[in-house]
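Q: Following this line is start.pdb, made up of PDB, N, CA and C atoms and all ligand atoms:
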MODEL        1
ATOM      1  N   MET M   1      82.919  71.635  72.859
ATOM      2  CA  MET M   1      84.075  72.239  72.203
ATOM      3  C   MET M   1      85.070  71.140  71.822
ATOM      4  N   ASP M   2      85.477  71.155  70.608
ATOM      5  CA  ASP M   2      86.387  70.118  70.141
ATOM      6  C   ASP M   2      87.618  70.765  69.521
ATOM      7  N   GLU M   3      88.449  71.304  70.388
ATOM      8  CA  GLU M   3      89.609  72.062  69.895
ATOM      9  C   GLU M   3      90.854  71.559  70.596
ATOM     10  N   GLN M   4      91.936  71.470  69.872
ATOM     11  CA  GLN M   4      93.184  71.024  70.493
ATOM     12  C   GLN M   4      94.023  72.231  70.884
ATOM     13  N   VAL M   5      94.621  72.177  72.074
ATOM     14  CA  VAL M   5      95.555  73.237  72.481
ATOM     15  C   VAL M   5      96.856  72.579  72.923
ATOM     16  N   ASP M   6      97.920  73.380  72.864
ATOM     17  CA  ASP M   6      99.229  72.845  73.259
ATOM     18  C   ASP M   6      99.387  72.811  74.774
ATOM     19  N   VAL M   7      98.930  73.873  75.430
ATOM     20  CA  VAL M   7      99.170  73.984  76.881
ATOM     21  C   VAL M   7      97.892  74.398  77.589
ATOM     22  N   ILE M   8      97.595  73.727  78.686
ATOM     23  CA  ILE M   8      96.508  74.162  79.573
ATOM     24  C   ILE M   8      97.151  74.559  80.892
ATOM     25  N   VAL M   9      96.909  75.794  81.288
ATOM     26  CA  VAL M   9      97.471  76.275  82.560
ATOM     27  C   VAL M   9      96.341  76.317  83.587
ATOM     28  N   LEU M  10      96.544  75.590  84.682
ATOM     29  CA  LEU M  10      95.550  75.589  85.763
ATOM     30  C   LEU M  10      95.953  76.630  86.796
ATOM     31  N   GLY M  11      95.115  77.635  86.981
ATOM     32  CA  GLY M  11      95.405  78.685  87.964
ATOM     33  C   GLY M  11      96.050  79.874  87.288
ATOM     34  N   MET M  12      95.377  81.008  87.333
ATOM     35  CA  MET M  12      95.894  82.203  86.655
ATOM     36  C   MET M  12      96.335  83.260  87.662
ATOM     37  N   GLY M  13      97.158  82.814  88.618
ATOM     38  CA  GLY M  13      97.863  83.765  89.471
ATOM     39  C   GLY M  13      99.084  84.259  88.707
ATOM     40  N   PRO M  14      99.977  84.971  89.392
ATOM     41  CA  PRO M  14     101.183  85.453  88.719
ATOM     42  C   PRO M  14     101.973  84.319  88.058
ATOM     43  N   GLY M  15     102.041  83.173  88.726
ATOM     44  CA  GLY M  15     102.779  82.032  88.175
ATOM     45  C   GLY M  15     102.140  81.527  86.892
ATOM     46  N   GLY M  16     100.832  81.305  86.946
ATOM     47  CA  GLY M  16     100.113  80.810  85.773
ATOM     48  C   GLY M  16     100.159  81.802  84.623
ATOM     49  N   GLU M  17     100.031  83.081  84.966
ATOM     50  CA  GLU M  17     100.067  84.112  83.920
ATOM     51  C   GLU M  17     101.425  84.113  83.215
ATOM     52  N   GLU M  18     102.475  83.940  84.012
ATOM     53  CA  GLU M  18     103.829  83.936  83.440
ATOM     54  C   GLU M  18     104.006  82.739  82.501
ATOM     55  N   VAL M  19     103.583  81.580  82.977
ATOM     56  CA  VAL M  19     103.703  80.362  82.161
ATOM     57  C   VAL M  19     102.895  80.509  80.880
ATOM     58  N   ALA M  20     101.661  80.992  81.020
ATOM     59  CA  ALA M  20     100.797  81.156  79.843
ATOM     60  C   ALA M  20     101.422  82.146  78.857
ATOM     61  N   GLY M  21     101.968  83.235  79.409
ATOM     62  CA  GLY M  21     102.579  84.251  78.549
ATOM     63  C   GLY M  21     103.791  83.713  77.807
ATOM     64  N   GLN M  22     104.627  82.972  78.543
ATOM     65  CA  GLN M  22     105.840  82.413  77.920
ATOM     66  C   GLN M  22     105.476  81.392  76.840
ATOM     67  N   ALA M  23     104.482  80.576  77.148
ATOM     68  CA  ALA M  23     104.071  79.549  76.182
ATOM     69  C   ALA M  23     103.502  80.207  74.930
ATOM     70  N   ALA M  24     102.670  81.238  75.146
ATOM     71  CA  ALA M  24     102.080  81.937  73.999
ATOM     72  C   ALA M  24     103.169  82.625  73.181
ATOM     73  N   ALA M  25     104.163  83.211  73.896
ATOM     74  CA  ALA M  25     105.251  83.900  73.196
ATOM     75  C   ALA M  25     106.081  82.921  72.367
ATOM     76  N   ALA M  26     106.110  81.666  72.819
ATOM     77  CA  ALA M  26     106.858  80.643  72.080
ATOM     78  C   ALA M  26     106.036  80.084  70.916
ATOM     79  N   GLY M  27     104.840  80.623  70.737
ATOM     80  CA  GLY M  27     104.032  80.207  69.591
ATOM     81  C   GLY M  27     103.071  79.074  69.884
ATOM     82  N   LEU M  28     102.970  78.675  71.145
ATOM     83  CA  LEU M  28     102.052  77.592  71.496
ATOM     84  C   LEU M  28     100.652  78.157  71.736
ATOM     85  N   SER M  29      99.653  77.331  71.497
ATOM     86  CA  SER M  29      98.294  77.749  71.831
ATOM     87  C   SER M  29      98.055  77.407  73.302
ATOM     88  N   VAL M  30      97.458  78.347  74.025
ATOM     89  CA  VAL M  30      97.344  78.208  75.482
ATOM     90  C   VAL M  30      95.910  78.456  75.931
ATOM     91  N   VAL M  31      95.475  77.670  76.883
ATOM     92  CA  VAL M  31      94.212  77.959  77.579
ATOM     93  C   VAL M  31      94.527  78.079  79.059
ATOM     94  N   GLY M  32      94.064  79.161  79.659
ATOM     95  CA  GLY M  32      94.226  79.337  81.102
ATOM     96  C   GLY M  32      92.902  79.098  81.790
ATOM     97  N   ILE M  33      92.943  78.340  82.874
ATOM     98  CA  ILE M  33      91.713  78.067  83.633
ATOM     99  C   ILE M  33      91.887  78.582  85.054
ATOM    100  N   GLU M  34      90.952  79.389  85.484
ATOM    101  CA  GLU M  34      91.016  79.949  86.828
ATOM    102  C   GLU M  34      89.704  79.650  87.535
ATOM    103  N   GLU M  35      89.808  79.080  88.735
ATOM    104  CA  GLU M  35      88.572  78.691  89.428
ATOM    105  C   GLU M  35      88.005  79.820  90.286
ATOM    106  N   ARG M  36      88.828  80.836  90.578
ATOM    107  CA  ARG M  36      88.340  81.862  91.497
ATOM    108  C   ARG M  36      88.524  83.263  90.928
ATOM    109  N   LEU M  37      89.720  83.845  91.104
ATOM    110  CA  LEU M  37      89.945  85.238  90.698
ATOM    111  C   LEU M  37      91.166  85.323  89.794
ATOM    112  N   LEU M  38      90.982  85.920  88.596
ATOM    113  CA  LEU M  38      92.116  86.131  87.698
ATOM    114  C   LEU M  38      93.152  87.003  88.400
ATOM    115  N   GLY M  39      94.403  86.577  88.347
ATOM    116  CA  GLY M  39      95.465  87.360  88.998
ATOM    117  C   GLY M  39      95.955  86.686  90.270
ATOM    118  N   GLY M  40      95.214  85.671  90.740
ATOM    119  CA  GLY M  40      95.646  84.945  91.942
ATOM    120  C   GLY M  40      95.507  85.779  93.196
ATOM    121  N   GLU M  41      96.299  85.428  94.208
ATOM    122  CA  GLU M  41      96.118  86.087  95.506
ATOM    123  C   GLU M  41      96.738  87.484  95.556
ATOM    124  N   CYS M  42      97.734  87.745  94.694
ATOM    125  CA  CYS M  42      98.513  88.990  94.801
ATOM    126  C   CYS M  42      97.652  90.255  94.782
ATOM    127  N   PRO M  43      96.794  90.469  93.777
ATOM    128  CA  PRO M  43      96.074  91.744  93.745
ATOM    129  C   PRO M  43      94.953  91.849  94.776
ATOM    130  N   TYR M  44      94.457  90.727  95.286
ATOM    131  CA  TYR M  44      93.266  90.775  96.138
ATOM    132  C   TYR M  44      93.581  90.607  97.621
ATOM    133  N   PHE M  45      94.518  89.713  97.953
ATOM    134  CA  PHE M  45      94.740  89.396  99.370
ATOM    135  C   PHE M  45      96.183  89.591  99.824
ATOM    136  N   ALA M  46      97.110  89.729  98.898
ATOM    137  CA  ALA M  46      98.522  89.680  99.304
ATOM    138  C   ALA M  46      99.273  90.976  99.000
ATOM    139  N   CYS M  47     100.001  91.008  97.882
ATOM    140  CA  CYS M  47     100.928  92.124  97.608
ATOM    141  C   CYS M  47     100.249  93.482  97.651
ATOM    142  N   VAL M  48      99.193  93.663  96.883
ATOM    143  CA  VAL M  48      98.605  95.002  96.718
ATOM    144  C   VAL M  48      97.999  95.519  98.028
ATOM    145  N   PRO M  49      97.110  94.753  98.705
ATOM    146  CA  PRO M  49      96.580  95.281  99.960
ATOM    147  C   PRO M  49      97.662  95.506 101.008
ATOM    148  N   THR M  50      98.686  94.624 101.037
ATOM    149  CA  THR M  50      99.773  94.812 102.004
ATOM    150  C   THR M  50     100.495  96.119 101.744
ATOM    151  N   LYS M  51     100.810  96.369 100.460
ATOM    152  CA  LYS M  51     101.522  97.621 100.121
ATOM    153  C   LYS M  51     100.672  98.830 100.479
ATOM    154  N   MET M  52      99.362  98.736 100.255
ATOM    155  CA  MET M  52      98.488  99.873 100.588
ATOM    156  C   MET M  52      98.515 100.140 102.088
ATOM    157  N   MET M  53      98.515  99.067 102.895
ATOM    158  CA  MET M  53      98.549  99.265 104.357
ATOM    159  C   MET M  53      99.881  99.859 104.796
ATOM    160  N   VAL M  54     100.971  99.325 104.207
ATOM    161  CA  VAL M  54     102.305  99.830 104.580
ATOM    162  C   VAL M  54     102.435 101.294 104.183
ATOM    163  N   ARG M  55     101.973 101.622 102.962
ATOM    164  CA  ARG M  55     102.058 103.016 102.485
ATOM    165  C   ARG M  55     101.216 103.921 103.391
ATOM    166  N   GLY M  56     100.044 103.405 103.794
ATOM    167  CA  GLY M  56      99.187 104.189 104.691
ATOM    168  C   GLY M  56      99.888 104.467 106.005
ATOM    169  N   ALA M  57     100.574 103.438 106.545
ATOM    170  CA  ALA M  57     101.302 103.619 107.808
ATOM    171  C   ALA M  57     102.435 104.612 107.620
ATOM    172  N   ASP M  58     103.129 104.539 106.457
ATOM    173  CA  ASP M  58     104.207 105.493 106.161
ATOM    174  C   ASP M  58     103.667 106.916 106.162
ATOM    175  N   LEU M  59     102.522 107.101 105.493
ATOM    176  CA  LEU M  59     101.938 108.447 105.412
ATOM    177  C   LEU M  59     101.564 108.943 106.806
ATOM    178  N   GLY M  60     101.093 108.000 107.655
ATOM    179  CA  GLY M  60     100.771 108.379 109.039
ATOM    180  C   GLY M  60     102.006 108.889 109.752
ATOM    181  N   ASN M  61     103.149 108.229 109.540
ATOM    182  CA  ASN M  61     104.402 108.669 110.164
ATOM    183  C   ASN M  61     104.804 110.047 109.658
ATOM    184  N   VAL M  62     104.643 110.263 108.335
ATOM    185  CA  VAL M  62     104.982 111.574 107.766
ATOM    186  C   VAL M  62     104.087 112.648 108.385
ATOM    187  N   ALA M  63     102.797 112.326 108.517
ATOM    188  CA  ALA M  63     101.863 113.294 109.106
ATOM    189  C   ALA M  63     102.274 113.623 110.536
ATOM    190  N   ASP M  64     102.682 112.600 111.304
ATOM    191  CA  ASP M  64     103.137 112.843 112.685
ATOM    192  C   ASP M  64     104.353 113.753 112.686
ATOM    193  N   ALA M  65     105.299 113.471 111.763
ATOM    194  CA  ALA M  65     106.518 114.285 111.701
ATOM    195  C   ALA M  65     106.181 115.723 111.351
ATOM    196  N   LEU M  66     105.267 115.891 110.367
ATOM    197  CA  LEU M  66     104.871 117.246 109.971
ATOM    198  C   LEU M  66     104.207 117.963 111.144
ATOM    199  N   ASP M  67     103.391 117.233 111.875
ATOM    200  CA  ASP M  67     102.718 117.803 113.041
ATOM    201  C   ASP M  67     103.757 118.321 114.032
ATOM    202  N   GLY M  68     104.815 117.517 114.248
ATOM    203  CA  GLY M  68     105.887 117.921 115.151
ATOM    204  C   GLY M  68     106.576 119.184 114.663
ATOM    205  N   ILE M  69     106.812 119.248 113.340
ATOM    206  CA  ILE M  69     107.478 120.429 112.776
ATOM    207  C   ILE M  69     106.588 121.662 112.946
ATOM    208  N   MET M  70     105.280 121.500 112.694
ATOM    209  CA  MET M  70     104.353 122.630 112.836
ATOM    210  C   MET M  70     104.351 123.117 114.280
ATOM    211  N   ASN M  71     104.344 122.173 115.245
ATOM    212  CA  ASN M  71     104.355 122.568 116.656
ATOM    213  C   ASN M  71     105.630 123.323 116.987
ATOM    214  N   ALA M  72     106.765 122.791 116.474
ATOM    215  CA  ALA M  72     108.041 123.441 116.738
ATOM    216  C   ALA M  72     108.038 124.832 116.132
ATOM    217  N   ASN M  73     107.463 124.948 114.925
ATOM    218  CA  ASN M  73     107.399 126.240 114.254
ATOM    219  C   ASN M  73     106.559 127.231 115.058
ATOM    220  N   ALA M  74     105.442 126.756 115.593
ATOM    221  CA  ALA M  74     104.575 127.635 116.388
ATOM    222  C   ALA M  74     105.307 128.105 117.639
ATOM    223  N   GLN M  75     106.052 127.185 118.264
ATOM    224  CA  GLN M  75     106.793 127.559 119.474
ATOM    225  C   GLN M  75     107.872 128.588 119.148
ATOM    226  N   LEU M  76     108.518 128.388 117.971
ATOM    227  CA  LEU M  76     109.565 129.320 117.558
ATOM    228  C   LEU M  76     108.976 130.713 117.312
ATOM    229  N   THR M  77     107.801 130.734 116.672
ATOM    230  CA  THR M  77     107.146 132.013 116.394
ATOM    231  C   THR M  77     106.821 132.726 117.705
ATOM    232  N   THR M  78     106.283 131.982 118.654
ATOM    233  CA  THR M  78     105.963 132.570 119.958
ATOM    234  C   THR M  78     107.211 133.130 120.608
ATOM    235  N   PHE M  79     108.299 132.353 120.528
ATOM    236  CA  PHE M  79     109.570 132.793 121.097
ATOM    237  C   PHE M  79     110.026 134.099 120.455
ATOM    238  N   HIS M  80     109.917 134.150 119.092
ATOM    239  CA  HIS M  80     110.337 135.351 118.367
ATOM    240  C   HIS M  80     109.506 136.559 118.761
ATOM    241  N   GLN M  81     108.189 136.314 118.958
ATOM    242  CA  GLN M  81     107.282 137.445 119.191
ATOM    243  C   GLN M  81     107.275 137.916 120.646
ATOM    244  N   THR M  82     107.529 137.011 121.572
ATOM    245  CA  THR M  82     107.387 137.398 122.976
ATOM    246  C   THR M  82     108.726 137.427 123.708
ATOM    247  N   ARG M  83     109.427 136.331 123.710
ATOM    248  CA  ARG M  83     110.628 136.205 124.544
ATOM    249  C   ARG M  83     111.818 136.961 123.948
ATOM    250  N   LEU M  84     112.007 136.822 122.597
ATOM    251  CA  LEU M  84     113.190 137.401 121.949
ATOM    252  C   LEU M  84     113.289 138.923 122.141
ATOM    253  N   PRO M  85     112.183 139.671 121.959
ATOM    254  CA  PRO M  85     112.289 141.114 122.141
ATOM    255  C   PRO M  85     112.784 141.493 123.532
ATOM    256  N   THR M  86     112.353 140.756 124.563
ATOM    257  CA  THR M  86     112.792 141.098 125.924
ATOM    258  C   THR M  86     114.281 140.811 126.084
ATOM    259  N   LEU M  87     114.776 139.755 125.406
ATOM    260  CA  LEU M  87     116.196 139.425 125.515
ATOM    261  C   LEU M  87     117.051 140.438 124.758
ATOM    262  N   THR M  88     116.608 140.781 123.522
ATOM    263  CA  THR M  88     117.434 141.653 122.684
ATOM    264  C   THR M  88     117.335 143.110 123.108
ATOM    265  N   SER M  89     116.259 143.517 123.811
ATOM    266  CA  SER M  89     116.146 144.921 124.208
ATOM    267  C   SER M  89     117.270 145.277 125.173
ATOM    268  N   GLY M  90     117.653 144.296 126.002
ATOM    269  CA  GLY M  90     118.770 144.540 126.913
ATOM    270  C   GLY M  90     120.051 144.769 126.140
ATOM    271  N   GLU M  91     120.260 143.903 125.117
ATOM    272  CA  GLU M  91     121.459 144.028 124.276
ATOM    273  C   GLU M  91     121.486 145.403 123.610
ATOM    274  N   ALA M  92     120.294 145.791 123.067
ATOM    275  CA  ALA M  92     120.217 147.061 122.338
ATOM    276  C   ALA M  92     120.524 148.224 123.275
ATOM    277  N   GLY M  93     120.061 148.065 124.517
ATOM    278  CA  GLY M  93     120.293 149.139 125.472
ATOM    279  C   GLY M  93     121.772 149.317 125.770
ATOM    280  N   ARG M  94     122.516 148.184 125.776
ATOM    281  CA  ARG M  94     123.960 148.249 126.085
ATOM    282  C   ARG M  94     124.789 148.787 124.929
ATOM    283  N   ALA M  95     124.236 148.596 123.667
ATOM    284  CA  ALA M  95     125.035 148.937 122.477
ATOM    285  C   ALA M  95     125.249 150.438 122.340
TER
HETATM  286  C1  LIG Z   1     100.668  89.129 102.605
HETATM  287  C2  LIG Z   1     101.413  88.819 101.336
HETATM  288  C3  LIG Z   1     102.134  89.823 100.695
HETATM  289  C4  LIG Z   1     102.834  89.545  99.526
HETATM  290  N1  LIG Z   1     103.538  90.548  98.923
HETATM  291  C5  LIG Z   1     104.245  90.292  97.806
HETATM  292  C6  LIG Z   1     104.979  91.319  97.151
HETATM  293  O1  LIG Z   1     105.001  92.449  97.585
HETATM  294  N2  LIG Z   1     105.663  90.988  96.023
HETATM  295  C7  LIG Z   1     105.664  89.707  95.512
HETATM  296  O2  LIG Z   1     106.314  89.474  94.498
HETATM  297  N3  LIG Z   1     104.964  88.732  96.109
HETATM  298  C8  LIG Z   1     104.266  88.977  97.237
HETATM  299  N4  LIG Z   1     103.552  87.963  97.828
HETATM  300  C9  LIG Z   1     103.609  86.629  97.257
HETATM  301  C10 LIG Z   1     102.670  86.514  96.064
HETATM  302  O3  LIG Z   1     101.328  86.815  96.439
HETATM  303  C11 LIG Z   1     102.754  85.077  95.601
HETATM  304  O4  LIG Z   1     104.124  84.763  95.379
HETATM  305  C12 LIG Z   1     102.031  84.890  94.296
HETATM  306  O5  LIG Z   1     100.677  85.259  94.398
HETATM  307  C13 LIG Z   1     102.131  83.416  93.921
HETATM  308  O6  LIG Z   1     101.530  83.281  92.657
HETATM  309  P1  LIG Z   1     100.999  81.883  92.200
HETATM  310  O7  LIG Z   1     100.496  82.062  90.809
HETATM  311  O8  LIG Z   1     102.028  80.823  92.422
HETATM  312  O9  LIG Z   1      99.812  81.507  93.215
HETATM  313  P2  LIG Z   1      98.430  82.243  93.503
HETATM  314  O10 LIG Z   1      98.548  83.737  93.470
HETATM  315  O11 LIG Z   1      97.922  81.609  94.749
HETATM  316  O12 LIG Z   1      97.520  81.853  92.283
HETATM  317  C14 LIG Z   1      97.055  80.520  92.113
HETATM  318  C15 LIG Z   1      95.718  80.598  91.381
HETATM  319  O13 LIG Z   1      95.359  79.291  91.025
HETATM  320  C16 LIG Z   1      93.963  79.142  91.202
HETATM  321  N5  LIG Z   1      93.710  77.707  91.318
HETATM  322  C17 LIG Z   1      94.152  76.864  92.253
HETATM  323  N6  LIG Z   1      93.765  75.628  91.994
HETATM  324  C18 LIG Z   1      93.052  75.685  90.831
HETATM  325  C19 LIG Z   1      92.376  74.713  90.050
HETATM  326  N7  LIG Z   1      92.371  73.403  90.384
HETATM  327  N8  LIG Z   1      91.712  75.114  88.931
HETATM  328  C20 LIG Z   1      91.724  76.436  88.583
HETATM  329  N9  LIG Z   1      92.356  77.399  89.288
HETATM  330  C21 LIG Z   1      93.017  77.010  90.416
HETATM  331  C22 LIG Z   1      93.669  79.934  92.459
HETATM  332  O14 LIG Z   1      92.294  80.322  92.517
HETATM  333  C23 LIG Z   1      94.594  81.130  92.271
HETATM  334  O15 LIG Z   1      93.937  82.221  91.610
HETATM  335  C24 LIG Z   1     102.828  88.219  99.001
HETATM  336  C25 LIG Z   1     102.095  87.210  99.639
HETATM  337  C26 LIG Z   1     101.405  87.492 100.787
HETATM  338  C27 LIG Z   1     100.617  86.379 101.470
ENDMDL
END
What would you get if you wrote out this structure as structure tokens?
A:
Amino acid sequence: MDEQVDVIVLGMGPGGEEVAGQAAAAGLSVVGIEERLLGGECPYFACVPTKMMVRGADLGNVADALDGIMNANAQLTTFHQTRLPTLTSGEAGRA
């Protein structure tokens, strides 16, 4: 290949992509070279997997909270169906 370019960017992680994009936007011809994975570490090992784990942990907390609410709701229902009538029947008798 015998072609001239203005800019060669080594590494196409977020940094390289930004530089390549800015250079191209300025009208320069750009070649990006990546030895491993386009996108760098962010989508494969860093930002994205970390966010997925954190979001998963958040959802686990929400599920625990919902579980607690369901248990409380079940206890309240039991109270309404069994204990409350015995308490209010006395009141009704006095009225
Ligand atoms: C656990 C973790 C979580 C993160 N979470 C976030 C987040 O939520 N938000 C955020 O903004 N940032 C986050 N980051 C930081 C983010 O991943 C980095 O700031 C970003 O990836 C850096 O980009 P970079 O292009 O400088 O380097 P890199 O992503 O490392 O990319 C460099 C690229 O250059 C290539 N390369 C290296 N040498 C050569 C060579 N000689 N020839 C050709 N290619 C080469 C490599 O293969 C690689 O693909 C996190 C980092 C980690 C570790």
Q: Record the distance separating atom O13 of ligand LIG 1 (chain Z) and atom CA of Val9 of chain M, expressed in Å with one decimal.
A: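 If I compute the distance from atom O13 of ligand LIG 1 (chain Z) to atom CA of Val9 of chain M, I get 9.2 Å.
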Q: Residues within 6.5 Å of ligand LIG 1 (chain Z) should be enumerated using all atoms listed in the file and returned as a short mmCIF file (atom, residue, chain, number, x, y, z; two decimals) with N, CA and C atoms, keeping the file's coordinate frame.
A:
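Result file follows (part-v6.cif):
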data_model
loop_
_atom_site.label_atom_id
_atom_site.label_comp_id
_atom_site.auth_asym_id
_atom_site.auth_seq_id
_atom_site.Cartn_x
_atom_site.Cartn_y
_atom_site.Cartn_z
N LEU M 10 96.54 75.59 84.68
CA LEU M 10 95.55 75.59 85.76
C LEU M 10 95.95 76.63 86.80
N GLY M 11 95.12 77.64 86.98
CA GLY M 11 95.40 78.68 87.96
C GLY M 11 96.05 79.87 87.29
N MET M 12 95.38 81.01 87.33
CA MET M 12 95.89 82.20 86.66
C MET M 12 96.34 83.26 87.66
N GLY M 13 97.16 82.81 88.62
CA GLY M 13 97.86 83.76 89.47
C GLY M 13 99.08 84.26 88.71
N PRO M 14 99.98 84.97 89.39
CA PRO M 14 101.18 85.45 88.72
C PRO M 14 101.97 84.32 88.06
N GLY M 15 102.04 83.17 88.73
CA GLY M 15 102.78 82.03 88.18
C GLY M 15 102.14 81.53 86.89
N GLY M 16 100.83 81.31 86.95
CA GLY M 16 100.11 80.81 85.77
C GLY M 16 100.16 81.80 84.62
N GLU M 17 100.03 83.08 84.97
CA GLU M 17 100.07 84.11 83.92
C GLU M 17 101.42 84.11 83.22
N ILE M 33 92.94 78.34 82.87
CA ILE M 33 91.71 78.07 83.63
C ILE M 33 91.89 78.58 85.05
N GLU M 34 90.95 79.39 85.48
CA GLU M 34 91.02 79.95 86.83
C GLU M 34 89.70 79.65 87.54
N GLU M 35 89.81 79.08 88.74
CA GLU M 35 88.57 78.69 89.43
C GLU M 35 88.00 79.82 90.29
N ARG M 36 88.83 80.84 90.58
CA ARG M 36 88.34 81.86 91.50
C ARG M 36 88.52 83.26 90.93
N LEU M 37 89.72 83.84 91.10
CA LEU M 37 89.94 85.24 90.70
C LEU M 37 91.17 85.32 89.79
N LEU M 38 90.98 85.92 88.60
CA LEU M 38 92.12 86.13 87.70
C LEU M 38 93.15 87.00 88.40
N GLY M 39 94.40 86.58 88.35
CA GLY M 39 95.46 87.36 89.00
C GLY M 39 95.96 86.69 90.27
N GLY M 40 95.21 85.67 90.74
CA GLY M 40 95.65 84.94 91.94
C GLY M 40 95.51 85.78 93.20
N GLU M 41 96.30 85.43 94.21
CA GLU M 41 96.12 86.09 95.51
C GLU M 41 96.74 87.48 95.56
N CYS M 42 97.73 87.74 94.69
CA CYS M 42 98.51 88.99 94.80
C CYS M 42 97.65 90.26 94.78
N PRO M 43 96.79 90.47 93.78
CA PRO M 43 96.07 91.74 93.74
C PRO M 43 94.95 91.85 94.78
N PHE M 45 94.52 89.71 97.95
CA PHE M 45 94.74 89.40 99.37
C PHE M 45 96.18 89.59 99.82
N ALA M 46 97.11 89.73 98.90
CA ALA M 46 98.52 89.68 99.30
C ALA M 46 99.27 90.98 99.00
N CYS M 47 100.00 91.01 97.88
CA CYS M 47 100.93 92.12 97.61
C CYS M 47 100.25 93.48 97.65
N VAL M 48 99.19 93.66 96.88
CA VAL M 48 98.60 95.00 96.72
C VAL M 48 98.00 95.52 98.03
N THR M 50 98.69 94.62 101.04
CA THR M 50 99.77 94.81 102.00
C THR M 50 100.50 96.12 101.74
N LYS M 51 100.81 96.37 100.46
CA LYS M 51 101.52 97.62 100.12
C LYS M 51 100.67 98.83 100.48
#
Q: Once the PyMOL selection byres (((chain M and resi 20) around 8) and not hetatm) has been evaluated on this model, what residues remain selected, and can you format them as a list in words?
A: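 Residues picked by the PyMOL selection byres (((chain M and resi 20) around 8) and not hetatm): Val7, Ile8, Val9, Pro14, Gly15, Gly16, Glu17, Glu18, Val19, Gly21, Gln22, Ala23, Ala24, Ala25, Ala26, Val30, Val31 and Gly32 of chain M.
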Q: Based on the backbone DSSP call, show me all residues of segment 4-64 of chain M assigned helix (DSSP H, G or I), as a ChimeraX atom specification.
A: /M:14-25,47-64
Q: Would you export the selected residues with N, CA and C atoms as a compact mmCIF listing (two decimals), in the frame of the given file, please?
A:
# COMPACT_ATOMS: atom_id res chain seq x y z
N PRO M 14 99.98 84.97 89.39
CA PRO M 14 101.18 85.45 88.72
C PRO M 14 101.97 84.32 88.06
N GLY M 15 102.04 83.17 88.73
CA GLY M 15 102.78 82.03 88.18
C GLY M 15 102.14 81.53 86.89
N GLY M 16 100.83 81.31 86.95
CA GLY M 16 100.11 80.81 85.77
C GLY M 16 100.16 81.80 84.62
N GLU M 17 100.03 83.08 84.97
CA GLU M 17 100.07 84.11 83.92
C GLU M 17 101.42 84.11 83.22
N GLU M 18 102.48 83.94 84.01
CA GLU M 18 103.83 83.94 83.44
C GLU M 18 104.01 82.74 82.50
N VAL M 19 103.58 81.58 82.98
CA VAL M 19 103.70 80.36 82.16
C VAL M 19 102.90 80.51 80.88
N ALA M 20 101.66 80.99 81.02
CA ALA M 20 100.80 81.16 79.84
C ALA M 20 101.42 82.15 78.86
N GLY M 21 101.97 83.24 79.41
CA GLY M 21 102.58 84.25 78.55
C GLY M 21 103.79 83.71 77.81
N GLN M 22 104.63 82.97 78.54
CA GLN M 22 105.84 82.41 77.92
C GLN M 22 105.48 81.39 76.84
N ALA M 23 104.48 80.58 77.15
CA ALA M 23 104.07 79.55 76.18
C ALA M 23 103.50 80.21 74.93
N ALA M 24 102.67 81.24 75.15
CA ALA M 24 102.08 81.94 74.00
C ALA M 24 103.17 82.62 73.18
N ALA M 25 104.16 83.21 73.90
CA ALA M 25 105.25 83.90 73.20
C ALA M 25 106.08 82.92 72.37
N CYS M 47 100.00 91.01 97.88
CA CYS M 47 100.93 92.12 97.61
C CYS M 47 100.25 93.48 97.65
N VAL M 48 99.19 93.66 96.88
CA VAL M 48 98.60 95.00 96.72
C VAL M 48 98.00 95.52 98.03
N PRO M 49 97.11 94.75 98.70
CA PRO M 49 96.58 95.28 99.96
C PRO M 49 97.66 95.51 101.01
N THR M 50 98.69 94.62 101.04
CA THR M 50 99.77 94.81 102.00
C THR M 50 100.50 96.12 101.74
N LYS M 51 100.81 96.37 100.46
CA LYS M 51 101.52 97.62 100.12
C LYS M 51 100.67 98.83 100.48
N MET M 52 99.36 98.74 100.26
CA MET M 52 98.49 99.87 100.59
C MET M 52 98.52 100.14 102.09
N MET M 53 98.52 99.07 102.90
CA MET M 53 98.55 99.26 104.36
C MET M 53 99.88 99.86 104.80
N VAL M 54 100.97 99.32 104.21
CA VAL M 54 102.30 99.83 104.58
C VAL M 54 102.44 101.29 104.18
N ARG M 55 101.97 101.62 102.96
CA ARG M 55 102.06 103.02 102.48
C ARG M 55 101.22 103.92 103.39
N GLY M 56 100.04 103.40 103.79
CA GLY M 56 99.19 104.19 104.69
C GLY M 56 99.89 104.47 106.00
N ALA M 57 100.57 103.44 106.54
CA ALA M 57 101.30 103.62 107.81
C ALA M 57 102.44 104.61 107.62
N ASP M 58 103.13 104.54 106.46
CA ASP M 58 104.21 105.49 106.16
C ASP M 58 103.67 106.92 106.16
N LEU M 59 102.52 107.10 105.49
CA LEU M 59 101.94 108.45 105.41
C LEU M 59 101.56 108.94 106.81
N GLY M 60 101.09 108.00 107.66
CA GLY M 60 100.77 108.38 109.04
C GLY M 60 102.01 108.89 109.75
N ASN M 61 103.15 108.23 109.54
CA ASN M 61 104.40 108.67 110.16
C ASN M 61 104.80 110.05 109.66
N VAL M 62 104.64 110.26 108.34
CA VAL M 62 104.98 111.57 107.77
C VAL M 62 104.09 112.65 108.38
N ALA M 63 102.80 112.33 108.52
CA ALA M 63 101.86 113.29 109.11
C ALA M 63 102.27 113.62 110.54
N ASP M 64 102.68 112.60 111.30
CA ASP M 64 103.14 112.84 112.68
C ASP M 64 104.35 113.75 112.69
Q: Could you write out as AutoDock Vina command-line options the box around segment 79-83 of chain M (axis-aligned, all atoms listed in the file, 4 Å on each side), with centre and edge lengths in Å to one decimal?
A:
--center_x 109.5 --center_y 135.1 --center_z 121.5 --size_x 12.5 --size_y 13.6 --size_z 14.2
Q: Run DSSP on the backbone and grab whatever in chain M lands in strand (DSSP E); send it over as a ChimeraX atom specification.
A: /M:7-10,30-33
Q: Separation of atom N of Thr86 of chain M and atom N of Asn71 of chain M, in Å?
A: 22.3 Å
